[in-house]
>>> print(open('entry33.txt').read())   # compact mmCIF, C-alpha atoms
# COMPACT_ATOMS: atom_id res chain seq x y z
CA MET A 1 -100.92 125.13 30.81
CA ASN A 2 -102.01 128.73 31.28
CA VAL A 3 -105.66 127.77 30.83
CA ASN A 4 -105.25 125.08 33.47
CA ASN A 5 -103.88 127.63 35.90
CA GLN A 6 -106.85 129.89 35.31
CA ILE A 7 -109.32 127.06 35.83
CA GLU A 8 -107.54 126.15 39.08
CA LEU A 9 -107.84 129.75 40.19
CA LEU A 10 -111.55 129.67 39.34
CA ALA A 11 -111.98 126.51 41.42
CA VAL A 12 -110.21 128.09 44.38
CA PHE A 13 -112.44 131.16 44.07
CA LEU A 14 -115.46 128.83 44.17
CA ILE A 15 -114.10 127.42 47.42
CA LEU A 16 -113.68 130.94 48.80
CA ILE A 17 -117.27 131.85 47.86
CA GLY A 18 -118.53 128.72 49.57
CA THR A 19 -116.61 129.52 52.73
CA ILE A 20 -118.03 133.05 52.76
CA PHE A 21 -121.54 131.54 52.55
CA THR A 22 -120.71 129.26 55.47
CA PHE A 23 -119.39 132.20 57.50
CA LEU A 24 -122.56 134.22 56.88
CA SER A 25 -124.68 131.28 57.95
CA ALA A 26 -122.62 130.98 61.14
CA ILE A 27 -123.29 134.66 61.86
CA GLY A 28 -126.98 133.96 61.36
CA LEU A 29 -126.68 130.99 63.69
CA ILE A 30 -125.41 133.30 66.43
CA ARG A 31 -127.57 136.35 65.85
CA LEU A 32 -131.07 135.01 65.13
CA PRO A 33 -133.37 134.72 68.14
CA ASP A 34 -135.16 131.40 67.68
CA VAL A 35 -134.66 127.79 66.62
CA TYR A 36 -137.13 128.24 63.75
CA THR A 37 -135.51 131.39 62.39
CA ARG A 38 -132.08 129.91 62.96
CA SER A 39 -132.98 126.92 60.80
CA HIS A 40 -133.10 129.25 57.79
CA ALA A 41 -129.45 130.13 58.31
CA ALA A 42 -128.57 126.56 59.20
CA SER A 43 -130.16 124.86 56.22
CA LYS A 44 -130.14 127.12 53.18
CA SER A 45 -126.89 129.01 53.22
CA THR A 46 -124.87 126.20 54.81
CA THR A 47 -125.99 123.81 52.06
CA MET A 48 -125.14 126.44 49.46
CA GLY A 49 -121.71 126.98 51.00
CA VAL A 50 -120.74 123.32 51.21
CA LEU A 51 -122.05 122.82 47.67
CA PHE A 52 -119.83 125.61 46.34
CA THR A 53 -116.84 124.24 48.23
CA LEU A 54 -117.30 120.68 47.02
CA VAL A 55 -117.90 121.77 43.42
CA GLY A 56 -114.71 123.83 43.61
CA THR A 57 -112.80 120.79 44.82
CA PHE A 58 -114.36 118.69 42.06
CA VAL A 59 -113.33 121.19 39.36
CA PHE A 60 -109.83 121.47 40.84
CA PHE A 61 -109.23 117.73 40.67
CA ILE A 62 -110.76 117.47 37.18
CA VAL A 63 -108.11 119.93 36.02
CA GLU A 64 -105.50 117.77 37.72
CA GLY A 65 -106.83 114.89 35.65
CA TYR A 66 -108.62 112.93 38.34
CA PHE A 67 -112.37 112.37 38.05
CA SER A 68 -113.58 111.16 41.44
CA ILE A 69 -116.94 109.40 41.49
CA ARG A 70 -116.80 109.32 45.30
CA LEU A 71 -116.65 113.10 45.53
CA PHE A 72 -119.52 113.36 43.05
CA LEU A 73 -121.51 110.95 45.22
CA GLY A 74 -120.66 113.05 48.27
CA ILE A 75 -121.92 116.23 46.58
CA PHE A 76 -125.14 114.50 45.60
CA PHE A 77 -125.66 113.05 49.08
CA VAL A 78 -125.00 116.30 50.94
CA PHE A 79 -127.26 118.23 48.59
CA LEU A 80 -129.98 115.65 49.16
CA THR A 81 -129.76 115.21 52.92
CA ALA A 82 -128.89 118.58 54.48
CA PRO A 83 -132.34 120.18 53.91
CA VAL A 84 -134.08 116.97 55.00
CA ALA A 85 -132.11 116.93 58.26
CA SER A 86 -132.97 120.56 58.96
CA HIS A 87 -136.65 119.90 58.27
CA VAL A 88 -136.69 116.94 60.66
CA ILE A 89 -135.01 118.98 63.40
CA VAL A 90 -137.53 121.83 63.12
CA ARG A 91 -140.42 119.38 63.05
CA SER A 92 -139.23 117.69 66.22
CA ALA A 93 -138.67 121.10 67.83
CA TYR A 94 -142.25 122.13 67.12
CA ARG A 95 -143.67 118.81 68.27
CA SER A 96 -141.70 119.00 71.53
CA LYS A 97 -143.14 122.49 72.10
CA VAL A 98 -140.09 124.70 71.84
CA ALA A 99 -141.44 128.24 72.20
CA LEU A 100 -141.42 130.75 69.37
CA THR A 101 -139.62 134.02 69.87
CA LYS A 102 -141.53 137.02 71.20
CA GLU A 103 -141.24 138.94 67.94
CA SER A 104 -143.20 136.34 65.96
CA ILE A 105 -146.80 137.41 65.33
CA GLN A 106 -148.46 134.42 63.71
CA ASP A 107 -148.55 130.67 64.22
CA ASP A 108 -150.66 128.91 61.61
CA LEU A 109 -149.52 125.39 62.39
CA ARG A 110 -150.96 125.46 65.93
CA GLU A 111 -154.49 126.11 64.63
CA MET A 112 -154.11 123.32 62.10
CA LEU A 113 -152.91 120.87 64.74
CA GLU A 114 -155.72 121.78 67.15
CA LYS A 115 -158.31 121.42 64.39
CA GLU A 116 -156.88 118.03 63.53
CA LYS A 117 -156.94 116.95 67.15
CA ASN A 118 -160.57 118.07 67.61
CA GLY A 119 -161.66 116.41 64.41
CA GLU A 120 -160.51 112.99 65.52
CA MET B 1 -101.88 132.86 45.11
CA ILE B 2 -103.85 129.63 45.39
CA GLY B 3 -102.34 128.88 48.78
CA ALA B 4 -103.21 132.36 50.07
CA ILE B 5 -106.85 132.06 48.97
CA LEU B 6 -107.12 128.60 50.52
CA PHE B 7 -105.60 129.93 53.74
CA CYS B 8 -108.18 132.76 53.81
CA SER B 9 -111.02 130.27 53.37
CA LEU B 10 -109.63 128.06 56.12
CA VAL B 11 -109.55 131.06 58.49
CA LEU B 12 -113.16 131.94 57.63
CA LEU B 13 -114.18 128.32 58.10
CA ASN B 14 -112.49 128.20 61.50
CA LEU B 15 -114.33 131.34 62.59
CA SER B 16 -117.65 129.84 61.54
CA ILE B 17 -116.84 126.58 63.34
CA LEU B 18 -116.13 128.61 66.50
CA ALA B 19 -119.48 130.38 66.12
CA THR B 20 -121.25 127.04 65.71
CA ILE B 21 -119.53 125.64 68.81
CA TYR B 22 -120.72 128.71 70.71
CA ARG B 23 -124.28 127.90 69.67
CA LEU B 24 -123.71 124.23 70.54
CA ILE B 25 -122.71 125.12 74.10
CA LYS B 26 -125.07 128.02 74.66
CA GLY B 27 -128.18 126.79 72.84
CA PRO B 28 -131.23 127.10 75.10
CA SER B 29 -133.05 123.96 73.97
CA ALA B 30 -132.05 120.54 72.70
CA PRO B 31 -133.06 121.11 69.02
CA ASP B 32 -130.70 124.11 68.98
CA ARG B 33 -127.83 121.86 69.93
CA ILE B 34 -128.78 119.21 67.37
CA GLN B 35 -128.98 121.86 64.69
CA ALA B 36 -125.54 123.14 65.68
CA LEU B 37 -124.16 119.57 65.51
CA ASP B 38 -125.61 119.13 62.03
CA VAL B 39 -124.07 122.38 60.82
CA LEU B 40 -120.79 121.37 62.46
CA GLY B 41 -120.73 118.15 60.45
CA ILE B 42 -121.33 120.05 57.22
CA GLN B 43 -118.58 122.53 58.05
CA LEU B 44 -116.27 119.61 58.78
CA ILE B 45 -116.96 118.25 55.27
CA SER B 46 -116.06 121.66 53.88
CA GLY B 47 -112.83 121.72 55.87
CA VAL B 48 -111.79 118.27 54.67
CA ALA B 49 -112.43 119.34 51.07
CA ILE B 50 -110.26 122.45 51.51
CA PHE B 51 -107.48 120.38 53.04
CA SER B 52 -107.57 117.89 50.18
CA VAL B 53 -107.12 120.78 47.73
CA LEU B 54 -104.35 122.28 49.86
CA LEU B 55 -102.41 119.01 50.05
CA ARG B 56 -103.36 118.00 46.46
CA ASN B 57 -104.28 114.59 47.77
CA THR B 58 -107.31 112.58 46.69
CA ALA B 59 -107.32 110.20 49.63
CA PHE B 60 -109.73 112.30 51.69
CA PHE B 61 -112.83 111.88 49.56
CA GLU B 62 -113.98 108.81 51.43
CA VAL B 63 -113.83 110.92 54.58
CA ILE B 64 -116.20 113.45 52.98
CA LEU B 65 -118.71 110.77 52.06
CA LEU B 66 -118.51 109.01 55.43
CA VAL B 67 -118.83 112.19 57.51
CA GLY B 68 -121.84 113.21 55.43
CA ILE B 69 -123.61 109.91 55.94
CA LEU B 70 -122.82 109.67 59.66
CA SER B 71 -123.86 113.26 60.35
CA PHE B 72 -127.18 112.72 58.58
CA ILE B 73 -127.94 109.49 60.42
CA GLY B 74 -127.02 111.02 63.77
CA THR B 75 -129.23 114.03 63.18
CA ILE B 76 -132.19 111.86 62.20
CA ALA B 77 -131.71 109.66 65.28
CA TYR B 78 -131.52 112.63 67.66
CA ALA B 79 -134.58 114.26 66.10
CA ARG B 80 -136.63 111.07 66.40
CA TYR B 81 -135.49 110.68 69.99
CA ILE B 82 -136.68 114.18 70.87
CA GLU B 83 -139.96 113.85 69.02
CA ARG B 84 -141.09 110.38 70.08
CA GLY B 85 -138.85 109.37 73.00
CA VAL B 86 -137.41 106.35 71.17
CA VAL B 87 -135.10 105.98 68.21
CA ILE B 88 -136.33 102.69 66.77
CA GLU B 89 -140.02 101.90 67.13
CA ARG B 90 -141.14 98.31 67.56
CA LYS B 91 -144.55 96.87 66.92
CA GLN B 92 -146.68 96.44 70.02
CA SER B 93 -148.43 93.23 68.90
CA ASP B 94 -145.54 90.80 69.21
>>> encode(input="entry33.txt", output="structure tokens")
Amino acid sequence: MNVNNQIELLAVFLILIGTIFTFLSAIGLIRLPDVYTRSHAASKSTTMGVLFTLVGTFVFFIVEGYFSIRLFLGIFFVFLTAPVASHVIVRSAYRSKVALTKESIQDDLREMLEKEKNGE
Amino acid sequence: MIGAILFCSLVLLNLSILATIYRLIKGPSAPDRIQALDVLGIQLISGVAIFSVLLRNTAFFEVILLVGILSFIGTIAYARYIERGVVIERKQSD
């Protein structure tokens, strides 16, 4: 019984760590200057945070004696789709010519796209 | 102890949801707003998971799966709309 309590505490600490990751990513979402730089905060650390939270929930309910295949499927799906969604957003932002921030010094993709357009 | 930690994480999650809503309203361009909506969906999944631990109830797991799928499909549709002007492309020949 005591071991179960400790594993529950561990699961709840995993949830807390995940929420701290989400909070840091939200700070990045406010503070960063650009849609491209903001996508770093929006994709990486948010995915990490929700992954920690869902794994904590999973461990908590395993200790309770309930193995949920739906929650496992949800973890898998979120881990698979959140980076893809962020990539698609940034791609559409670049294709619809959202400007880079003034502090950025290099844009390699523009040269590649112009070379591709001239080659055709 | 467990309840206190869960309450702390809910407060942090609420603060981050408020920050994301600020970006959703303020965001200068449309991809900013779509990105904020995507992050909002993910944070909503996190909140539902915390509530299911807090209430010790396993009935919310379908909600997690459904919100994940709907948020992903909505993000993809918005991004395609911004990039190409249409969501579903049809063939020109017929």
>>> interface_residues(input="entry33.txt", of="chain A", to="chain B", cutoff="8 Å", atoms="only C-alpha atoms", output="ChimeraX atom specification")
/A:9,12-13,15-16,19-20,22-23,26-27,29-30,35,39,42,46-47,50,53-54,57,60-61,70-71,73-74,77-78,81-82,85-86,88-90,92-93,95-96,98
>>> atom_distance(input="entry33.txt", atom1="atom CA of Ser45 of chain A", atom2="atom CA of Gly18 of chain A")
9.1 Å
>>> atom_distance(input="entry33.txt", atom1="atom CA of Lys102 of chain A", atom2="atom CA of His40 of chain A")
17.6 Å
>>> closest_residue(input="entry33.txt", among="A:Leu32, A:Ser25, A:Val63, A:Lys117", to="Lys44 of chain A", atoms="all atoms listed in the file")
A:Ser25
>>> atom_distance(input="entry33.txt", atom1="atom CA of Asn2 of chain A", atom2="atom CA of Leu14 of chain A")
18.6 Å
>>> axis_aligned_box(input="entry33.txt", around="segment 18-29 of chain A", padding_each_side="4 Å", output="lines of an AutoDock Vina configuration file")
center_x = -121.8
center_y = 131.7
center_z = 56.6
size_x = 18.4
size_y = 13.9
size_z = 22.1
